[in-house]
Amino acid sequence: MTDLEQLAELIFPDVKETVEDLEKRYPPRNLEEGAIVARFAPSPTGFLHTGSLFATLIAWRFPNQTNGVFFTRLEDTDTKREIEGSGEELLKQLEAFGITPNEGYMGSYELGNYGPYKQSNREMIYRIVIKEFVKRNLAYPCFCSSEELSKMRNFQEENKLNPGYYGEFAKCSKLSPKEAIAKIKNNEPYVIRFRSHGNYQNKIKITDLIRGNLELAQNDQHIVILKSDGLPTYHFAHLVDDHFMRTTHVTRGEEWLPSLPIHYELFDAIGWKKPNYAHLPVIMKLDNGSRRKLSKRKDPEASVSFFLENGYPVEGILEYLVTIANSNFEEWRLQNMNENIFDFKLSFDKMTLDGALFDLAKVKNICK
Ligand code: GLU
């Protein structure tokens, strides 16, 4: 056994399966050419935000238009923020809008062959992949204490350096496998970090289905991929889940765009094909002439339950959301007054770019 293999065995003695086994268990989906597989991946941290309904409507329509698959996945690895029962509640609210998943997390049960669809039940799958990362020197244990990390952050701040664990600051990336083994045997606590080879000075070309070709700085952060509680971070779960659930299109809020270089590097490191990405506009509101995000604290209409409880017809809300999603919808509607809204084909290239404006007066108008 090589030193790296010994290190991987020491960290994951219980992991017997390999990435190849997972490839067989979750084979590519047998779908027709052009079929889209997309997902809604909420964290169970509360109510359904109007912005999430908007994003889900889009994630659901594309598979629907292409004989693909729309599935749900519960992203519950942030156990501190979880609100009991909110996963089920989200699904009920989506159902009220006629948005039903073909597979995935359904609240009290699961449907489909690509599960489990609840991240907290996927611990073993993540461990299998991280073991492979360690064996291939793509990841390593980091023993830095929180005091050391905060010292590092202070130093970076004082010297106006980029914050984070990278380059010379990535101290534990310099440990040999033998040194890491000795520390683990000595019971020193650790997390697992990704070994980045990126350079922040370099740009990478990124394609977003809505935003087109972009150039973003390469990732250089040795991000934590496995936390000390044994659960992965969002970035790593995204890699593993969207690969093995065979997602073709990741549609998610634009707040995730800055993380895309990390995701590109993770997919490239292990050599998996990247999904297509579409970063959706945030829902904004005009407030005294300036735009701001629709806020759950200030705006009742930020919560989907506001519409359901106040008798807004769901057809009206859907109609409005498609209006702000695609710039050519209103014209189509004028020519097709009596058609079902879903005879309209949504497209990524007609998507609003810089923050879709949510206008309650117009919602009311449409609903009337
Ligand atoms: N759980 C993430 C969120 O709620 C999902 C983001 C994604 O769709 O990848 O923001």
# chains A, B, ... in the order shown; residues from 1 in each chain; ligands from 1

$ residues_near_ligand --ligand "ligand 1" --cutoff "9 Å" --atoms "only C-alpha atoms and all ligand atoms" --output "ChimeraX atom specification"
/A:39-45,52,55,73-76,234-235,238,242,250-253,255-256

$ select_by_dssp --residues "stretch 172-225 of chain A" --states "alpha helix (DSSP H)" --output "list in words"
Pro177, Lys178, Glu179, Ala180, Ile181, Ala182, Lys183, Ile184 and Lys185 of chain A

$ write_last_selection --atoms "N, CA, C and O atoms" --output "CSV table (one decimal), in the first residue's frame"
chain,number,residue,atom,x,y,z
A,177,PRO,N,1.9,12.4,3.8
A,177,PRO,CA,0.9,11.4,4.3
A,177,PRO,C,1.4,10.8,5.6
A,177,PRO,O,0.6,10.6,6.5
A,178,LYS,N,2.7,10.5,5.7
A,178,LYS,CA,3.2,9.9,6.9
A,178,LYS,C,3.0,10.8,8.1
A,178,LYS,O,2.6,10.4,9.2
A,179,GLU,N,3.2,12.1,7.9
A,179,GLU,CA,3.0,13.1,9.0
A,179,GLU,C,1.6,13.2,9.4
A,179,GLU,O,1.2,13.2,10.6
A,180,ALA,N,0.7,13.1,8.4
A,180,ALA,CA,-0.8,13.2,8.7
A,180,ALA,C,-1.2,11.9,9.4
A,180,ALA,O,-1.9,12.0,10.4
A,181,ILE,N,-0.7,10.8,9.0
A,181,ILE,CA,-1.0,9.5,9.7
A,181,ILE,C,-0.6,9.6,11.2
A,181,ILE,O,-1.4,9.2,12.0
A,182,ALA,N,0.6,10.1,11.4
A,182,ALA,CA,1.1,10.2,12.8
A,182,ALA,C,0.1,11.1,13.6
A,182,ALA,O,-0.2,10.8,14.8
A,183,LYS,N,-0.3,12.2,13.1
A,183,LYS,CA,-1.2,13.1,13.8
A,183,LYS,C,-2.6,12.4,14.1
A,183,LYS,O,-3.1,12.6,15.2
A,184,ILE,N,-3.1,11.7,13.1
A,184,ILE,CA,-4.4,11.0,13.3
A,184,ILE,C,-4.2,10.0,14.4
A,184,ILE,O,-5.1,9.9,15.3
A,185,LYS,N,-3.1,9.2,14.3
A,185,LYS,CA,-2.9,8.2,15.4
A,185,LYS,C,-2.7,8.8,16.7
A,185,LYS,O,-3.0,8.2,17.7

$ closest_residue --among "A:Glu95, A:Asp241, A:Glu315, A:Glu123" --to "A:Tyr26" --atoms "only C-alpha atoms"
A:Asp241

$ residues_around --residues "A:Ile128" --least-positions-apart "6" --cutoff "12 Å" --atoms "only C-alpha atoms" --output "number ranges by chain"
A: 8-9, 11-23, 122, 134-135, 226, 232, 240

$ write_last_selection --atoms "N, CA, C and O atoms" --output "short mmCIF file (atom, residue, chain, number, x, y, z; two decimals), in the first residue's frame"
data_model
loop_
_atom_site.label_atom_id
_atom_site.label_comp_id
_atom_site.auth_asym_id
_atom_site.auth_seq_id
_atom_site.Cartn_x
_atom_site.Cartn_y
_atom_site.Cartn_z
N ALA A 8 -5.73 7.01 3.54
CA ALA A 8 -7.15 6.88 3.21
C ALA A 8 -7.80 5.76 4.04
O ALA A 8 -8.92 5.90 4.53
N GLU A 9 -7.08 4.64 4.21
CA GLU A 9 -7.61 3.52 5.01
C GLU A 9 -7.79 3.92 6.47
O GLU A 9 -8.76 3.55 7.12
N ILE A 11 -8.33 6.89 7.66
CA ILE A 11 -9.45 7.83 7.86
C ILE A 11 -10.80 7.13 7.63
O ILE A 11 -11.77 7.39 8.32
N PHE A 12 -10.85 6.25 6.64
CA PHE A 12 -12.13 5.63 6.27
C PHE A 12 -12.04 4.10 6.31
O PHE A 12 -12.22 3.44 5.29
N PRO A 13 -11.79 3.53 7.50
CA PRO A 13 -11.65 2.07 7.57
C PRO A 13 -12.94 1.34 7.20
O PRO A 13 -12.91 0.21 6.72
N ASP A 14 -14.08 2.01 7.41
CA ASP A 14 -15.39 1.38 7.18
C ASP A 14 -15.83 1.47 5.72
O ASP A 14 -16.82 0.86 5.33
N VAL A 15 -15.11 2.23 4.91
CA VAL A 15 -15.55 2.42 3.52
C VAL A 15 -14.97 1.32 2.66
O VAL A 15 -13.75 1.28 2.43
N LYS A 16 -15.83 0.43 2.18
CA LYS A 16 -15.35 -0.70 1.38
C LYS A 16 -15.65 -0.50 -0.11
O LYS A 16 -14.98 -1.04 -0.96
N GLU A 17 -16.72 0.25 -0.39
CA GLU A 17 -17.09 0.43 -1.79
C GLU A 17 -16.23 1.51 -2.45
O GLU A 17 -15.59 2.30 -1.77
N THR A 18 -16.26 1.53 -3.76
CA THR A 18 -15.44 2.49 -4.50
C THR A 18 -16.32 3.37 -5.40
O THR A 18 -17.52 3.11 -5.57
N VAL A 19 -15.68 4.35 -5.99
CA VAL A 19 -16.39 5.23 -6.92
C VAL A 19 -16.94 4.41 -8.11
O VAL A 19 -18.04 4.67 -8.60
N GLU A 20 -16.19 3.40 -8.53
CA GLU A 20 -16.69 2.54 -9.64
C GLU A 20 -17.99 1.85 -9.25
O GLU A 20 -18.89 1.71 -10.07
N ASP A 21 -18.06 1.41 -7.99
CA ASP A 21 -19.31 0.78 -7.53
C ASP A 21 -20.47 1.77 -7.63
O ASP A 21 -21.58 1.41 -8.04
N LEU A 22 -20.20 3.02 -7.26
CA LEU A 22 -21.26 4.03 -7.33
C LEU A 22 -21.66 4.30 -8.78
O LEU A 22 -22.85 4.49 -9.08
N GLU A 23 -20.68 4.30 -9.66
CA GLU A 23 -20.99 4.52 -11.09
C GLU A 23 -21.95 3.44 -11.58
O GLU A 23 -22.85 3.71 -12.38
N ARG A 122 -26.96 10.31 2.94
CA ARG A 122 -25.99 9.99 1.89
C ARG A 122 -24.55 10.00 2.39
O ARG A 122 -23.61 10.00 1.61
N VAL A 134 -8.74 11.36 -1.25
CA VAL A 134 -7.53 11.27 -0.42
C VAL A 134 -6.50 10.36 -1.08
O VAL A 134 -5.32 10.70 -1.19
N LYS A 135 -6.96 9.23 -1.59
CA LYS A 135 -6.06 8.28 -2.26
C LYS A 135 -5.33 8.93 -3.43
O LYS A 135 -4.18 8.64 -3.70
N LEU A 226 -15.18 17.89 4.03
CA LEU A 226 -15.84 17.08 5.05
C LEU A 226 -15.64 17.75 6.40
O LEU A 226 -14.52 17.97 6.84
N PRO A 232 -20.66 16.50 4.59
CA PRO A 232 -19.91 17.30 3.62
C PRO A 232 -20.40 18.75 3.61
O PRO A 232 -21.48 19.05 4.13
N VAL A 240 -20.98 15.59 -5.77
CA VAL A 240 -21.32 14.17 -5.68
C VAL A 240 -22.77 13.91 -6.09
O VAL A 240 -23.06 13.02 -6.89
#

$ closest_residue --among "A:Ile341, A:Glu32, A:Val304, A:Asn113" --to "A:Glu319" --atoms "only C-alpha atoms"
A:Ile341

$ residues_around --residues "A:Ile192" --least-positions-apart "6" --cutoff "7 Å" --atoms "only C-alpha atoms" --output "PDB file with N, CA, C and O atoms, in the first residue's frame"
ATOM      1  N   ALA A 139      -7.270  15.532  -1.827  1.00  0.00           N
ATOM      2  CA  ALA A 139      -7.786  16.059  -0.558  1.00  0.00           C
ATOM      3  C   ALA A 139      -6.872  15.580   0.557  1.00  0.00           C
ATOM      4  O   ALA A 139      -6.148  14.598   0.389  1.00  0.00           O
ATOM      5  N   TYR A 140      -6.928  16.274   1.677  1.00  0.00           N
ATOM      6  CA  TYR A 140      -6.031  15.919   2.786  1.00  0.00           C
ATOM      7  C   TYR A 140      -6.648  16.349   4.110  1.00  0.00           C
ATOM      8  O   TYR A 140      -7.479  17.259   4.151  1.00  0.00           O
ATOM      9  N   PRO A 141      -6.216  15.704   5.202  1.00  0.00           N
ATOM     10  CA  PRO A 141      -6.738  16.128   6.507  1.00  0.00           C
ATOM     11  C   PRO A 141      -6.054  17.416   6.960  1.00  0.00           C
ATOM     12  O   PRO A 141      -4.860  17.598   6.744  1.00  0.00           O
ATOM     13  N   CYS A 142      -6.839  18.297   7.552  1.00  0.00           N
ATOM     14  CA  CYS A 142      -6.307  19.570   8.043  1.00  0.00           C
ATOM     15  C   CYS A 142      -6.518  19.612   9.554  1.00  0.00           C
ATOM     16  O   CYS A 142      -7.639  19.436  10.038  1.00  0.00           O
ATOM     17  N   VAL A 224     -12.976  23.295   2.847  1.00  0.00           N
ATOM     18  CA  VAL A 224     -13.330  22.113   3.639  1.00  0.00           C
ATOM     19  C   VAL A 224     -14.357  21.331   2.839  1.00  0.00           C
ATOM     20  O   VAL A 224     -15.333  21.911   2.347  1.00  0.00           O
ATOM     21  N   ILE A 225     -14.136  20.031   2.680  1.00  0.00           N
ATOM     22  CA  ILE A 225     -15.166  19.237   2.004  1.00  0.00           C
ATOM     23  C   ILE A 225     -15.883  18.294   2.978  1.00  0.00           C
ATOM     24  O   ILE A 225     -17.036  17.976   2.788  1.00  0.00           O
ATOM     25  N   LEU A 226     -15.180  17.894   4.026  1.00  0.00           N
ATOM     26  CA  LEU A 226     -15.841  17.076   5.049  1.00  0.00           C
ATOM     27  C   LEU A 226     -15.644  17.748   6.401  1.00  0.00           C
ATOM     28  O   LEU A 226     -14.523  17.970   6.843  1.00  0.00           O
ATOM     29  N   LYS A 227     -16.778  18.065   7.030  1.00  0.00           N
ATOM     30  CA  LYS A 227     -16.712  18.777   8.310  1.00  0.00           C
ATOM     31  C   LYS A 227     -16.430  17.786   9.442  1.00  0.00           C
ATOM     32  O   LYS A 227     -16.529  16.575   9.259  1.00  0.00           O
TER      33      LYS A 227
END

$ residues_around --residues "A:Thr207" --least-positions-apart "6" --cutoff "9 Å" --atoms "only C-alpha atoms" --output "ChimeraX atom specification"
/A:213-215,276-278

$ write_last_selection --atoms "N, CA, C and O atoms" --output "short mmCIF file (atom, residue, chain, number, x, y, z; two decimals), in the first residue's frame"
data_model
loop_
_atom_site.label_atom_id
_atom_site.label_comp_id
_atom_site.auth_asym_id
_atom_site.auth_seq_id
_atom_site.Cartn_x
_atom_site.Cartn_y
_atom_site.Cartn_z
N ASN A 213 -20.88 33.57 -21.89
CA ASN A 213 -19.50 33.27 -21.51
C ASN A 213 -18.99 34.30 -20.52
O ASN A 213 -19.11 35.50 -20.73
N LEU A 214 -18.42 33.80 -19.45
CA LEU A 214 -17.91 34.68 -18.40
C LEU A 214 -16.47 34.31 -18.10
O LEU A 214 -16.06 33.16 -18.30
N GLU A 215 -15.73 35.26 -17.60
CA GLU A 215 -14.39 34.96 -17.12
C GLU A 215 -14.36 35.23 -15.63
O GLU A 215 -14.66 36.33 -15.18
N ASN A 276 -24.60 21.48 -17.06
CA ASN A 276 -24.81 22.85 -17.53
C ASN A 276 -25.26 23.67 -16.34
O ASN A 276 -25.95 23.15 -15.46
N TYR A 277 -24.89 24.93 -16.35
CA TYR A 277 -25.29 25.80 -15.24
C TYR A 277 -26.14 26.95 -15.75
O TYR A 277 -25.83 27.54 -16.79
N ALA A 278 -27.19 27.25 -15.02
CA ALA A 278 -28.00 28.42 -15.31
C ALA A 278 -28.24 29.12 -13.97
O ALA A 278 -28.94 28.60 -13.10
#

$ select_by_dssp --residues "stretch 83-268 of chain A" --states "strand (DSSP E)" --output "PyMOL selection string"
chain A and resi 103-105+110-111+139-142+191-194+203-208+212-217+224-226+249-253

$ atom_distance --atom1 "atom CA of A:Phe47" --atom2 "atom CA of A:Glu84"
11.3 Å

$ atom_distance --atom1 "atom CA of A:Ala302" --atom2 "atom CA of A:Gly316"
16.0 Å

$ residues_around --residues "A:Glu33" --least-positions-apart "5" --cutoff "10 Å" --atoms "only C-alpha atoms" --output "PyMOL selection string"
chain A and resi 66-68

$ residues_around --residues "A:Met284" --least-positions-apart "6" --cutoff "9 Å" --atoms "only C-alpha atoms" --output "PyMOL selection string"
chain A and resi 291-295+355-359

$ write_last_selection --atoms "C-alpha atoms" --output "short mmCIF file (atom, residue, chain, number, x, y, z; two decimals), in the first residue's frame"
data_model
loop_
_atom_site.label_atom_id
_atom_site.label_comp_id
_atom_site.auth_asym_id
_atom_site.auth_seq_id
_atom_site.Cartn_x
_atom_site.Cartn_y
_atom_site.Cartn_z
CA ARG A 291 -34.04 48.04 -6.21
CA ARG A 292 -33.51 45.63 -3.39
CA LYS A 293 -33.95 41.92 -2.81
CA LEU A 294 -37.41 40.72 -1.86
CA SER A 295 -36.96 40.30 1.86
CA GLY A 355 -32.65 40.83 -10.98
CA ALA A 356 -36.25 40.15 -11.92
CA LEU A 357 -38.49 42.87 -10.57
CA PHE A 358 -41.45 41.68 -8.53
CA ASP A 359 -44.39 44.04 -8.78
#

$ closest_residue --among "A:Ile125, A:Leu321, A:Met337, A:Met245" --to "A:Glu103" --atoms "only C-alpha atoms"
A:Met245

$ closest_residue --among "A:Gly212, A:Gly98, A:Pro28, A:Gly104" --to "A:His279" --atoms "only C-alpha atoms"
A:Gly212

$ decode --residues "stretch 154-169 of chain A" --atoms "all heavy atoms" --output "PDB file, in the first residue's frame"
ATOM      1  N   ASN A 154      -6.660  37.189  10.759  1.00  0.00           N
ATOM      2  CA  ASN A 154      -6.252  38.525  11.217  1.00  0.00           C
ATOM      3  C   ASN A 154      -5.025  39.009  10.457  1.00  0.00           C
ATOM      4  O   ASN A 154      -4.961  40.160  10.033  1.00  0.00           O
ATOM      5  CB  ASN A 154      -5.939  38.502  12.718  1.00  0.00           C
ATOM      6  CG  ASN A 154      -7.205  38.317  13.527  1.00  0.00           C
ATOM      7  OD1 ASN A 154      -8.306  38.556  13.018  1.00  0.00           O
ATOM      8  ND2 ASN A 154      -7.067  37.866  14.760  1.00  0.00           N
ATOM      9  N   PHE A 155      -4.081  38.110  10.289  1.00  0.00           N
ATOM     10  CA  PHE A 155      -2.859  38.463   9.557  1.00  0.00           C
ATOM     11  C   PHE A 155      -3.212  38.884   8.126  1.00  0.00           C
ATOM     12  O   PHE A 155      -2.714  39.894   7.624  1.00  0.00           O
ATOM     13  CB  PHE A 155      -1.907  37.263   9.545  1.00  0.00           C
ATOM     14  CG  PHE A 155      -0.655  37.508   8.752  1.00  0.00           C
ATOM     15  CD1 PHE A 155       0.441  38.138   9.336  1.00  0.00           C
ATOM     16  CD2 PHE A 155      -0.569  37.124   7.412  1.00  0.00           C
ATOM     17  CE1 PHE A 155       1.595  38.386   8.601  1.00  0.00           C
ATOM     18  CE2 PHE A 155       0.583  37.374   6.673  1.00  0.00           C
ATOM     19  CZ  PHE A 155       1.665  38.005   7.264  1.00  0.00           C
ATOM     20  N   GLN A 156      -4.091  38.120   7.497  1.00  0.00           N
ATOM     21  CA  GLN A 156      -4.473  38.432   6.103  1.00  0.00           C
ATOM     22  C   GLN A 156      -5.172  39.783   6.037  1.00  0.00           C
ATOM     23  O   GLN A 156      -4.937  40.572   5.124  1.00  0.00           O
ATOM     24  CB  GLN A 156      -5.380  37.325   5.549  1.00  0.00           C
ATOM     25  CG  GLN A 156      -4.637  36.019   5.317  1.00  0.00           C
ATOM     26  CD  GLN A 156      -5.552  34.833   5.094  1.00  0.00           C
ATOM     27  OE1 GLN A 156      -6.713  34.830   5.513  1.00  0.00           O
ATOM     28  NE2 GLN A 156      -5.028  33.805   4.441  1.00  0.00           N
ATOM     29  N   GLU A 157      -6.019  40.037   7.009  1.00  0.00           N
ATOM     30  CA  GLU A 157      -6.749  41.302   7.039  1.00  0.00           C
ATOM     31  C   GLU A 157      -5.794  42.476   7.211  1.00  0.00           C
ATOM     32  O   GLU A 157      -5.839  43.450   6.457  1.00  0.00           O
ATOM     33  CB  GLU A 157      -7.732  41.278   8.205  1.00  0.00           C
ATOM     34  CG  GLU A 157      -9.115  41.773   7.851  1.00  0.00           C
ATOM     35  CD  GLU A 157     -10.084  41.430   8.953  1.00  0.00           C
ATOM     36  OE1 GLU A 157     -10.127  42.191   9.941  1.00  0.00           O
ATOM     37  OE2 GLU A 157     -10.774  40.383   8.836  1.00  0.00           O
ATOM     38  N   GLU A 158      -4.895  42.334   8.183  1.00  0.00           N
ATOM     39  CA  GLU A 158      -3.931  43.419   8.447  1.00  0.00           C
ATOM     40  C   GLU A 158      -3.056  43.711   7.234  1.00  0.00           C
ATOM     41  O   GLU A 158      -2.670  44.842   6.994  1.00  0.00           O
ATOM     42  CB  GLU A 158      -3.022  43.043   9.624  1.00  0.00           C
ATOM     43  CG  GLU A 158      -3.679  43.262  10.970  1.00  0.00           C
ATOM     44  CD  GLU A 158      -2.986  42.480  12.084  1.00  0.00           C
ATOM     45  OE1 GLU A 158      -1.809  42.106  11.909  1.00  0.00           O
ATOM     46  OE2 GLU A 158      -3.657  42.225  13.105  1.00  0.00           O
ATOM     47  N   ASN A 159      -2.738  42.678   6.499  1.00  0.00           N
ATOM     48  CA  ASN A 159      -1.832  42.855   5.364  1.00  0.00           C
ATOM     49  C   ASN A 159      -2.560  42.966   4.023  1.00  0.00           C
ATOM     50  O   ASN A 159      -1.943  42.860   2.967  1.00  0.00           O
ATOM     51  CB  ASN A 159      -0.823  41.710   5.329  1.00  0.00           C
ATOM     52  CG  ASN A 159       0.115  41.774   6.518  1.00  0.00           C
ATOM     53  OD1 ASN A 159       1.041  42.581   6.532  1.00  0.00           O
ATOM     54  ND2 ASN A 159      -0.171  40.983   7.532  1.00  0.00           N
ATOM     55  N   LYS A 160      -3.872  43.156   4.124  1.00  0.00           N
ATOM     56  CA  LYS A 160      -4.706  43.317   2.923  1.00  0.00           C
ATOM     57  C   LYS A 160      -4.504  42.197   1.913  1.00  0.00           C
ATOM     58  O   LYS A 160      -4.402  42.422   0.697  1.00  0.00           O
ATOM     59  CB  LYS A 160      -4.437  44.680   2.266  1.00  0.00           C
ATOM     60  CG  LYS A 160      -4.660  45.846   3.216  1.00  0.00           C
ATOM     61  CD  LYS A 160      -5.044  47.113   2.492  1.00  0.00           C
ATOM     62  CE  LYS A 160      -5.623  48.181   3.393  1.00  0.00           C
ATOM     63  NZ  LYS A 160      -5.259  48.172   4.802  1.00  0.00           N
ATOM     64  N   LEU A 161      -4.444  40.994   2.421  1.00  0.00           N
ATOM     65  CA  LEU A 161      -4.309  39.822   1.545  1.00  0.00           C
ATOM     66  C   LEU A 161      -5.679  39.169   1.396  1.00  0.00           C
ATOM     67  O   LEU A 161      -6.555  39.351   2.253  1.00  0.00           O
ATOM     68  CB  LEU A 161      -3.338  38.816   2.166  1.00  0.00           C
ATOM     69  CG  LEU A 161      -1.900  39.308   2.323  1.00  0.00           C
ATOM     70  CD1 LEU A 161      -1.113  38.409   3.264  1.00  0.00           C
ATOM     71  CD2 LEU A 161      -1.228  39.372   0.952  1.00  0.00           C
ATOM     72  N   ASN A 162      -5.843  38.406   0.323  1.00  0.00           N
ATOM     73  CA  ASN A 162      -7.106  37.676   0.186  1.00  0.00           C
ATOM     74  C   ASN A 162      -7.286  36.750   1.379  1.00  0.00           C
ATOM     75  O   ASN A 162      -6.331  36.118   1.818  1.00  0.00           O
ATOM     76  CB  ASN A 162      -7.093  36.820  -1.082  1.00  0.00           C
ATOM     77  CG  ASN A 162      -7.319  37.652  -2.316  1.00  0.00           C
ATOM     78  OD1 ASN A 162      -7.829  38.769  -2.235  1.00  0.00           O
ATOM     79  ND2 ASN A 162      -6.932  37.125  -3.456  1.00  0.00           N
ATOM     80  N   PRO A 163      -8.520  36.682   1.886  1.00  0.00           N
ATOM     81  CA  PRO A 163      -8.752  35.798   3.033  1.00  0.00           C
ATOM     82  C   PRO A 163      -8.829  34.333   2.597  1.00  0.00           C
ATOM     83  O   PRO A 163      -9.084  34.047   1.426  1.00  0.00           O
ATOM     84  CB  PRO A 163     -10.107  36.266   3.565  1.00  0.00           C
ATOM     85  CG  PRO A 163     -10.798  36.846   2.377  1.00  0.00           C
ATOM     86  CD  PRO A 163      -9.732  37.398   1.479  1.00  0.00           C
ATOM     87  N   GLY A 164      -8.591  33.446   3.523  1.00  0.00           N
ATOM     88  CA  GLY A 164      -8.834  32.027   3.235  1.00  0.00           C
ATOM     89  C   GLY A 164      -7.634  31.127   3.397  1.00  0.00           C
ATOM     90  O   GLY A 164      -6.536  31.569   3.774  1.00  0.00           O
ATOM     91  N   TYR A 165      -7.878  29.878   3.116  1.00  0.00           N
ATOM     92  CA  TYR A 165      -6.868  28.822   3.265  1.00  0.00           C
ATOM     93  C   TYR A 165      -6.372  28.487   1.870  1.00  0.00           C
ATOM     94  O   TYR A 165      -7.043  27.780   1.110  1.00  0.00           O
ATOM     95  CB  TYR A 165      -7.551  27.616   3.925  1.00  0.00           C
ATOM     96  CG  TYR A 165      -6.622  26.693   4.671  1.00  0.00           C
ATOM     97  CD1 TYR A 165      -6.204  26.984   5.969  1.00  0.00           C
ATOM     98  CD2 TYR A 165      -6.179  25.499   4.095  1.00  0.00           C
ATOM     99  CE1 TYR A 165      -5.371  26.121   6.672  1.00  0.00           C
ATOM    100  CE2 TYR A 165      -5.348  24.636   4.789  1.00  0.00           C
ATOM    101  CZ  TYR A 165      -4.940  24.954   6.075  1.00  0.00           C
ATOM    102  OH  TYR A 165      -4.113  24.096   6.770  1.00  0.00           O
ATOM    103  N   TYR A 166      -5.252  29.035   1.489  1.00  0.00           N
ATOM    104  CA  TYR A 166      -4.756  28.863   0.109  1.00  0.00           C
ATOM    105  C   TYR A 166      -3.240  29.060   0.098  1.00  0.00           C
ATOM    106  O   TYR A 166      -2.666  29.623   1.057  1.00  0.00           O
ATOM    107  CB  TYR A 166      -5.419  29.888  -0.827  1.00  0.00           C
ATOM    108  CG  TYR A 166      -5.122  31.326  -0.494  1.00  0.00           C
ATOM    109  CD1 TYR A 166      -4.068  32.011  -1.101  1.00  0.00           C
ATOM    110  CD2 TYR A 166      -5.864  32.016   0.466  1.00  0.00           C
ATOM    111  CE1 TYR A 166      -3.774  33.334  -0.770  1.00  0.00           C
ATOM    112  CE2 TYR A 166      -5.582  33.332   0.803  1.00  0.00           C
ATOM    113  CZ  TYR A 166      -4.533  33.986   0.181  1.00  0.00           C
ATOM    114  OH  TYR A 166      -4.240  35.291   0.516  1.00  0.00           O
ATOM    115  N   GLY A 167      -2.601  28.638  -0.954  1.00  0.00           N
ATOM    116  CA  GLY A 167      -1.165  28.865  -1.160  1.00  0.00           C
ATOM    117  C   GLY A 167      -0.351  28.589   0.089  1.00  0.00           C
ATOM    118  O   GLY A 167      -0.482  27.544   0.718  1.00  0.00           O
ATOM    119  N   GLU A 168       0.469  29.584   0.464  1.00  0.00           N
ATOM    120  CA  GLU A 168       1.340  29.435   1.629  1.00  0.00           C
ATOM    121  C   GLU A 168       0.552  29.258   2.930  1.00  0.00           C
ATOM    122  O   GLU A 168       1.043  28.710   3.902  1.00  0.00           O
ATOM    123  CB  GLU A 168       2.232  30.693   1.759  1.00  0.00           C
ATOM    124  CG  GLU A 168       3.388  30.714   0.776  1.00  0.00           C
ATOM    125  CD  GLU A 168       4.144  29.390   0.776  1.00  0.00           C
ATOM    126  OE1 GLU A 168       4.674  29.016   1.843  1.00  0.00           O
ATOM    127  OE2 GLU A 168       4.193  28.722  -0.278  1.00  0.00           O
ATOM    128  N   PHE A 169      -0.684  29.756   2.934  1.00  0.00           N
ATOM    129  CA  PHE A 169      -1.492  29.660   4.160  1.00  0.00           C
ATOM    130  C   PHE A 169      -2.062  28.260   4.369  1.00  0.00           C
ATOM    131  O   PHE A 169      -2.505  27.931   5.459  1.00  0.00           O
ATOM    132  CB  PHE A 169      -2.638  30.677   4.126  1.00  0.00           C
ATOM    133  CG  PHE A 169      -2.154  32.090   4.144  1.00  0.00           C
ATOM    134  CD1 PHE A 169      -2.186  32.876   3.007  1.00  0.00           C
ATOM    135  CD2 PHE A 169      -1.630  32.631   5.317  1.00  0.00           C
ATOM    136  CE1 PHE A 169      -1.718  34.181   3.027  1.00  0.00           C
ATOM    137  CE2 PHE A 169      -1.160  33.935   5.346  1.00  0.00           C
ATOM    138  CZ  PHE A 169      -1.199  34.713   4.190  1.00  0.00           C
TER     139      PHE A 169
END
